[in-house]
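Peer 1: Below is the file start_14.txt, which contains compact mmCIF, C-alpha atoms.
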# COMPACT_ATOMS: atom_id res chain seq x y z
CA MET A 1 61.22 157.09 96.53
CA LEU A 2 62.68 160.58 96.18
CA LEU A 3 65.21 159.35 93.61
CA HIS A 4 62.45 157.61 91.68
CA ARG A 5 60.34 160.79 91.66
CA THR A 6 63.35 162.84 90.56
CA LEU A 7 64.06 160.46 87.70
CA ASN A 8 60.44 160.63 86.60
CA MET A 9 60.58 164.43 86.54
CA VAL A 10 63.80 164.36 84.55
CA ASN A 11 62.32 161.89 82.10
CA LEU A 12 59.23 164.07 81.76
CA ARG A 13 61.39 167.12 81.01
CA ILE A 14 63.39 165.16 78.46
CA ILE A 15 60.24 163.90 76.79
CA THR A 16 58.76 167.41 76.77
CA PHE A 17 61.98 168.81 75.30
CA LEU A 18 62.13 166.11 72.62
CA PHE A 19 58.48 166.70 71.78
CA ALA A 20 59.13 170.43 71.41
CA ILE A 21 62.13 169.74 69.19
CA SER A 22 60.00 167.37 67.14
CA CYS A 23 57.32 170.02 66.69
CA ILE A 24 59.86 172.67 65.74
CA THR A 25 61.52 170.30 63.30
CA SER A 26 58.17 169.28 61.84
CA CYS A 27 57.09 172.91 61.47
CA GLY A 28 60.45 173.74 59.97
CA ASN A 29 60.14 170.91 57.49
CA ASN A 30 56.62 171.98 56.55
CA GLN A 31 57.79 175.56 56.10
CA ASN A 32 60.75 174.38 54.02
CA GLN A 33 58.44 172.27 51.88
CA GLN A 34 56.13 175.25 51.36
CA GLU A 35 59.06 177.48 50.45
CA GLN A 36 60.36 174.82 48.08
CA LYS A 37 56.97 174.61 46.38
CA LYS A 38 56.91 178.40 45.99
CA GLU A 39 60.38 178.36 44.47
CA GLU A 40 59.42 175.54 42.10
CA ALA A 41 56.30 177.47 41.04
CA ALA A 42 58.36 180.63 40.50
CA VAL A 43 60.85 178.73 38.37
CA LYS A 44 58.03 177.18 36.40
CA ASP A 45 56.47 180.58 35.74
CA SER A 46 59.80 182.06 34.66
CA THR A 47 60.69 179.19 32.34
CA PRO A 48 60.92 180.59 28.79
CA VAL A 49 58.25 179.38 26.38
CA ALA A 50 59.69 177.28 23.59
CA VAL A 51 59.74 179.32 20.39
CA SER A 52 58.38 177.31 17.50
CA LYS A 53 56.93 179.89 15.10
CA THR A 54 58.09 183.06 13.37
CA ILE A 55 56.54 186.42 12.54
CA LEU A 56 58.43 188.29 9.84
CA PHE A 57 57.92 192.06 9.61
CA PHE A 58 59.07 193.08 6.15
CA GLY A 59 59.11 196.81 5.60
CA ASN A 60 60.90 200.13 5.39
CA SER A 61 62.09 202.70 7.93
CA LEU A 62 58.83 202.49 9.88
CA THR A 63 59.44 198.82 10.62
CA ALA A 64 63.18 199.39 11.10
CA GLY A 65 62.43 202.01 13.76
CA TYR A 66 64.16 204.98 12.16
CA GLY A 67 65.12 207.58 14.77
CA VAL A 68 64.40 205.36 17.80
CA ASP A 69 66.16 202.40 19.34
CA ILE A 70 65.19 199.14 17.63
CA THR A 71 63.88 197.91 20.99
CA GLU A 72 61.36 200.79 20.90
CA ALA A 73 60.13 200.15 17.35
CA PHE A 74 56.71 198.55 16.95
CA PRO A 75 57.96 195.03 16.03
CA ALA A 76 59.85 194.83 19.35
CA LEU A 77 56.73 196.02 21.17
CA ILE A 78 54.77 193.24 19.48
CA GLN A 79 57.39 190.77 20.74
CA HIS A 80 56.89 192.10 24.28
CA ARG A 81 53.16 191.45 24.06
CA ILE A 82 53.76 187.96 22.73
CA ASP A 83 56.20 187.20 25.54
CA SER A 84 53.82 188.51 28.19
CA LEU A 85 51.17 186.11 26.89
CA LYS A 86 53.72 183.27 26.74
CA LEU A 87 53.07 182.57 23.07
CA GLY A 88 55.69 180.64 21.16
CA TYR A 89 56.49 183.20 18.47
CA LYS A 90 59.69 184.98 17.55
CA VAL A 91 59.49 188.36 15.83
CA ILE A 92 62.01 189.14 13.09
CA ASN A 93 62.44 192.80 12.18
CA ALA A 94 63.35 192.89 8.48
CA GLY A 95 62.80 196.61 8.05
CA LEU A 96 65.18 198.63 5.87
CA SER A 97 65.16 202.41 5.76
CA GLY A 98 64.44 203.84 2.31
CA GLU A 99 63.14 200.52 1.01
CA THR A 100 60.80 200.62 -2.00
CA SER A 101 58.58 197.82 -3.26
CA ALA A 102 61.17 197.10 -5.97
CA GLY A 103 63.95 196.86 -3.40
CA GLY A 104 61.82 194.58 -1.25
CA LYS A 105 61.13 192.34 -4.21
CA ASN A 106 64.87 191.95 -4.78
CA ARG A 107 65.78 191.05 -1.20
CA ILE A 108 62.82 188.93 -0.09
CA GLY A 109 64.32 185.68 -1.39
CA TRP A 110 67.08 185.23 1.17
CA LEU A 111 64.73 186.07 4.06
CA LEU A 112 62.40 183.28 2.99
CA ARG A 113 65.06 180.64 3.44
CA GLN A 114 63.66 180.28 6.93
CA LYS A 115 60.15 179.12 7.82
CA VAL A 116 57.69 181.98 8.20
CA ASP A 117 54.34 181.50 9.90
CA VAL A 118 53.04 185.08 9.81
CA PHE A 119 54.26 187.55 7.19
CA VAL A 120 53.55 191.26 7.70
CA LEU A 121 54.15 193.33 4.56
CA GLU A 122 54.78 197.01 5.27
CA LEU A 123 56.02 198.46 2.00
CA GLY A 124 54.86 200.99 -0.55
CA ALA A 125 55.11 204.27 1.33
CA ASN A 126 58.41 205.24 -0.28
CA ASP A 127 56.94 204.43 -3.70
CA GLY A 128 54.12 206.85 -2.98
CA LEU A 129 56.41 209.61 -1.74
CA ARG A 130 58.45 209.25 -4.94
CA GLY A 131 55.38 209.28 -7.15
CA ILE A 132 56.11 205.83 -8.62
CA ALA A 133 53.32 204.54 -10.84
CA VAL A 134 50.74 202.72 -8.73
CA LYS A 135 50.56 199.76 -11.11
CA GLU A 136 54.32 199.22 -10.67
CA THR A 137 53.99 199.26 -6.90
CA VAL A 138 51.10 196.79 -7.08
CA LYS A 139 53.10 194.42 -9.27
CA ASN A 140 56.11 194.49 -6.96
CA LEU A 141 54.01 193.91 -3.84
CA GLN A 142 52.19 191.05 -5.55
CA ASP A 143 55.51 189.49 -6.53
CA ILE A 144 56.61 189.64 -2.89
CA ILE A 145 53.39 187.99 -1.76
CA ASP A 146 53.76 185.30 -4.41
CA SER A 147 57.27 184.56 -3.17
CA VAL A 148 55.95 184.09 0.35
CA LYS A 149 53.20 181.78 -0.83
CA THR A 150 55.66 179.71 -2.85
CA SER A 151 58.16 179.20 -0.04
CA ASN A 152 55.70 179.14 2.88
CA SER A 153 52.33 178.06 1.56
CA ALA A 154 50.78 177.93 5.04
CA ALA A 155 51.99 181.39 6.06
CA LYS A 156 49.35 183.87 7.19
CA ILE A 157 49.80 187.14 5.33
CA VAL A 158 49.07 190.60 6.69
CA ILE A 159 49.20 193.73 4.54
CA ALA A 160 49.76 197.08 6.20
CA GLY A 161 47.81 199.88 4.56
CA MET A 162 49.51 203.19 3.94
CA GLN A 163 48.53 206.62 2.64
CA VAL A 164 50.44 209.46 0.99
CA PRO A 165 50.14 213.20 1.64
CA PRO A 166 47.46 215.07 -0.34
CA ASN A 167 50.12 217.15 -2.09
CA MET A 168 50.71 214.14 -4.34
CA GLY A 169 47.43 214.99 -6.05
CA ALA A 170 43.91 213.75 -5.34
CA SER A 171 43.87 211.17 -8.12
CA TYR A 172 47.20 209.59 -7.18
CA THR A 173 46.44 209.77 -3.45
CA ASN A 174 43.11 207.93 -3.80
CA GLU A 175 44.49 205.33 -6.19
CA PHE A 176 47.45 204.65 -3.92
CA LYS A 177 45.28 204.34 -0.82
CA GLY A 178 43.15 201.65 -2.46
CA ILE A 179 45.92 199.25 -3.50
CA PHE A 180 46.41 197.66 -0.07
CA GLY A 181 42.81 196.64 0.42
CA GLU A 182 42.69 195.26 -3.12
CA LEU A 183 45.85 193.22 -2.57
CA ALA A 184 44.51 191.86 0.71
CA LYS A 185 41.25 190.82 -0.91
CA LYS A 186 42.97 189.23 -3.90
CA ASN A 187 45.34 187.21 -1.75
CA ASN A 188 42.97 186.32 1.07
CA ALA A 189 45.24 188.27 3.41
CA GLU A 190 44.48 190.27 6.54
CA LEU A 191 44.52 194.06 6.24
CA ILE A 192 45.67 196.75 8.63
CA PRO A 193 43.60 199.58 7.08
CA PHE A 194 46.12 202.32 7.93
CA ILE A 195 49.12 201.36 10.02
CA LEU A 196 49.70 204.99 11.09
CA GLU A 197 46.12 205.48 12.27
CA GLY A 198 46.19 207.96 15.16
CA VAL A 199 49.83 208.83 14.48
CA GLY A 200 50.05 210.24 10.96
CA GLY A 201 49.71 214.01 10.95
CA GLU A 202 50.05 214.29 14.73
CA PRO A 203 53.13 216.48 15.42
CA GLU A 204 53.60 215.31 19.01
CA LEU A 205 53.74 211.66 17.89
CA ASN A 206 56.22 212.18 15.07
CA GLN A 207 59.85 213.14 14.90
CA ALA A 208 61.05 216.46 13.50
CA ASP A 209 60.70 215.19 9.92
CA GLY A 210 56.95 214.83 10.46
CA ILE A 211 57.06 211.30 8.95
CA HIS A 212 58.63 208.87 11.39
CA PRO A 213 56.91 208.09 14.71
CA THR A 214 58.39 208.89 18.09
CA ILE A 215 58.59 206.29 20.84
CA GLU A 216 55.02 207.13 21.85
CA GLY A 217 53.98 206.98 18.21
CA HIS A 218 55.39 203.48 17.88
CA LYS A 219 53.29 202.37 20.84
CA ILE A 220 50.16 203.38 18.94
CA VAL A 221 51.41 201.72 15.75
CA ALA A 222 52.01 198.53 17.75
CA SER A 223 48.41 198.64 18.95
CA ASN A 224 47.16 199.10 15.39
CA VAL A 225 49.21 196.11 14.24
CA TRP A 226 48.27 193.94 17.24
CA LYS A 227 44.56 194.25 16.53
CA THR A 228 45.06 192.49 13.21
CA VAL A 229 47.94 190.15 14.05
CA SER A 230 46.87 188.79 17.44
CA PRO A 231 43.85 186.79 16.16
CA LEU A 232 46.22 184.95 13.81
CA LEU A 233 48.43 183.62 16.60
CA ASP A 234 47.97 180.16 18.06
CA LYS A 235 47.09 180.54 21.71
What is this file in structure tokens?
Peer 2:
Amino acid sequence: MLLHRTLNMVNLRIITFLFAISCITSCGNNQNQQEQKKEEAAVKDSTPVAVSKTILFFGNSLTAGYGVDITEAFPALIQHRIDSLKLGYKVINAGLSGETSAGGKNRIGWLLRQKVDVFVLELGANDGLRGIAVKETVKNLQDIIDSVKTSNSAAKIVIAGMQVPPNMGASYTNEFKGIFGELAKKNNAELIPFILEGVGGEPELNQADGIHPTIEGHKIVASNVWKTVSPLLDK
């Protein structure tokens, strides 16, 4: 009888131990499954969005990011916003310091060998600073736009408005200021009224030359551009 009772107690302890192990194992498995799900979700969230469309910024030193690192220029900041929203667009910075509308007209062809979905035209400022005849600037910009339409008929076009200092003369200044809105209307394009809005003429937001934005200035320029460009992007 005593041996039988002892065996029963041993069996009970074994069963209790096995049950505890089973519970621990089950809890461990559940925890592992939960951790695995978290890891899978994290991987899913970090998976890069497939890039299928292109935004081409075609401009001068402002687009090129003169005086700042290219990663701090406004096109790169636009790319950051796009990435944060997980939109499938790649930004191409085709800015060239010192570029005029004539120079842009001559080099646009090879850039349009690739598909362009959104084309942002930021040229003309250097024409204005050099006092080039407005009608010549208009013709060159229109030729650039026509080239885009011919090679990428479905491309959405954005024209960045620019202004010149008043020392260029009131007549020239006013005529120059109006060409961007007229081009946008003629070509059914979107218009950034003045790309340097809130930056132009502000010493603390421009480099020593008083023309090119600082890093903080580029952040404001990026916001100006984003207001016009973002509605054009497929969500």
Peer 1: I'd like to know which of A:Val229, A:Ala160, A:Val221, A:Ile192 is closest to Asn206 of chain A, using all atoms listed in the file.
Peer 2: A:Val221
Peer 1: In the coordinate frame of the file, compute which residues have an atom within 9 Å of (65.6, 200.6, 3.5) when using only C-alpha atoms, and state them as a ChimeraX atom specification.
Peer 2: /A:59-61,64,95-100,103-104
Peer 1: Taking into account all atoms listed in the file, which residue in the set A:Leu56, A:Ile179, A:Leu85, A:Val148 is nearest to Gly109 of chain A?
Peer 2: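 Of the candidates, the smallest distance to Gly109 of chain A is held by A:Val148.
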Peer 1: Considering all atoms listed in the file, state which residue in the set A:Gly67, A:Pro75, A:Gly178, A:Gly131 is at the smallest distance from Pro165 of chain A.
Peer 2: A:Gly131
Peer 1: Rounded to one decimal place, report the atom CA of Tyr89 of chain A-atom CA of Gln114 of chain A distance in Å.
Peer 2: 13.9 Å
Peer 1: Report, in Å to a single decimal, how far apart atom CA of Gly124 of chain A and atom CA of His212 of chain A are.
Peer 2: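 Between atom CA of His212 of chain A and atom CA of Gly124 of chain A the gap works out to 14.8 Å.
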Peer 1: Within 6 Å of Ala189 of chain A, counting only C-alpha atoms, which residues qualify if same-chain residues fewer than 5 places away don't, as a ChimeraX atom specification?
Peer 2: /A:157-158,184
Peer 1: List every protein, DNA or RNA residue that has an atom no more than 12 Å from (50.6, 212.2, 9.8) in the file's coordinate frame, counting all atoms listed in the file, and report them as a short mmCIF file (atom, residue, chain, number, x, y, z; two decimals) with C-alpha atoms, in the coordinates of the input.
Peer 2:
data_model
loop_
_atom_site.label_atom_id
_atom_site.label_comp_id
_atom_site.auth_asym_id
_atom_site.auth_seq_id
_atom_site.Cartn_x
_atom_site.Cartn_y
_atom_site.Cartn_z
CA MET A 162 49.51 203.19 3.94
CA GLN A 163 48.53 206.62 2.64
CA VAL A 164 50.44 209.46 0.99
CA PRO A 165 50.14 213.20 1.64
CA PRO A 166 47.46 215.07 -0.34
CA PHE A 194 46.12 202.32 7.93
CA ILE A 195 49.12 201.36 10.02
CA LEU A 196 49.70 204.99 11.09
CA GLU A 197 46.12 205.48 12.27
CA GLY A 198 46.19 207.96 15.16
CA VAL A 199 49.83 208.83 14.48
CA GLY A 200 50.05 210.24 10.96
CA GLY A 201 49.71 214.01 10.95
CA GLU A 202 50.05 214.29 14.73
CA PRO A 203 53.13 216.48 15.42
CA GLU A 204 53.60 215.31 19.01
CA LEU A 205 53.74 211.66 17.89
CA ASN A 206 56.22 212.18 15.07
CA GLN A 207 59.85 213.14 14.90
CA ALA A 208 61.05 216.46 13.50
CA ASP A 209 60.70 215.19 9.92
CA GLY A 210 56.95 214.83 10.46
CA ILE A 211 57.06 211.30 8.95
CA HIS A 212 58.63 208.87 11.39
CA PRO A 213 56.91 208.09 14.71
CA THR A 214 58.39 208.89 18.09
CA GLY A 217 53.98 206.98 18.21
#
Peer 1: Fewer than 2 positions away in the same chain doesn't count, so skip those; otherwise give me all residues within 9 Å of Ile159 of chain A, counting all atoms listed in the file, as a PyMOL selection string.
Peer 2: chain A and resi 119-123+157+161+180-181+183-184+189-193
Peer 1: Report the distance between atom CA of Thr137 of chain A and atom CA of Ser101 of chain A in Å, rounded to one decimal place.
Peer 2: 6.0 Å
Peer 1: For Leu77 of chain A, please output as a short mmCIF file (atom, residue, chain, number, x, y, z; two decimals) with C-alpha atoms, keeping the file's coordinate frame all residues within 10 Å (counting only C-alpha atoms; exclusion window: fewer than 3 positions along the same chain).
Peer 2:
data_model
loop_
_atom_site.label_atom_id
_atom_site.label_comp_id
_atom_site.auth_asym_id
_atom_site.auth_seq_id
_atom_site.Cartn_x
_atom_site.Cartn_y
_atom_site.Cartn_z
CA ILE A 70 65.19 199.14 17.63
CA THR A 71 63.88 197.91 20.99
CA GLU A 72 61.36 200.79 20.90
CA ALA A 73 60.13 200.15 17.35
CA PHE A 74 56.71 198.55 16.95
CA HIS A 80 56.89 192.10 24.28
CA ARG A 81 53.16 191.45 24.06
CA ILE A 82 53.76 187.96 22.73
CA ASP A 83 56.20 187.20 25.54
CA VAL A 91 59.49 188.36 15.83
CA HIS A 218 55.39 203.48 17.88
CA LYS A 219 53.29 202.37 20.84
CA VAL A 221 51.41 201.72 15.75
CA ALA A 222 52.01 198.53 17.75
CA SER A 223 48.41 198.64 18.95
CA TRP A 226 48.27 193.94 17.24
#
Peer 1: Ranking A:Asn106, A:Gln79, A:Asn167, A:Ser153 by minimum distance to Arg130 of chain A and counting all atoms listed in the file, which one comes first?
Peer 2: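 The answer is A:Asn167, which sits nearest to Arg130 of chain A.
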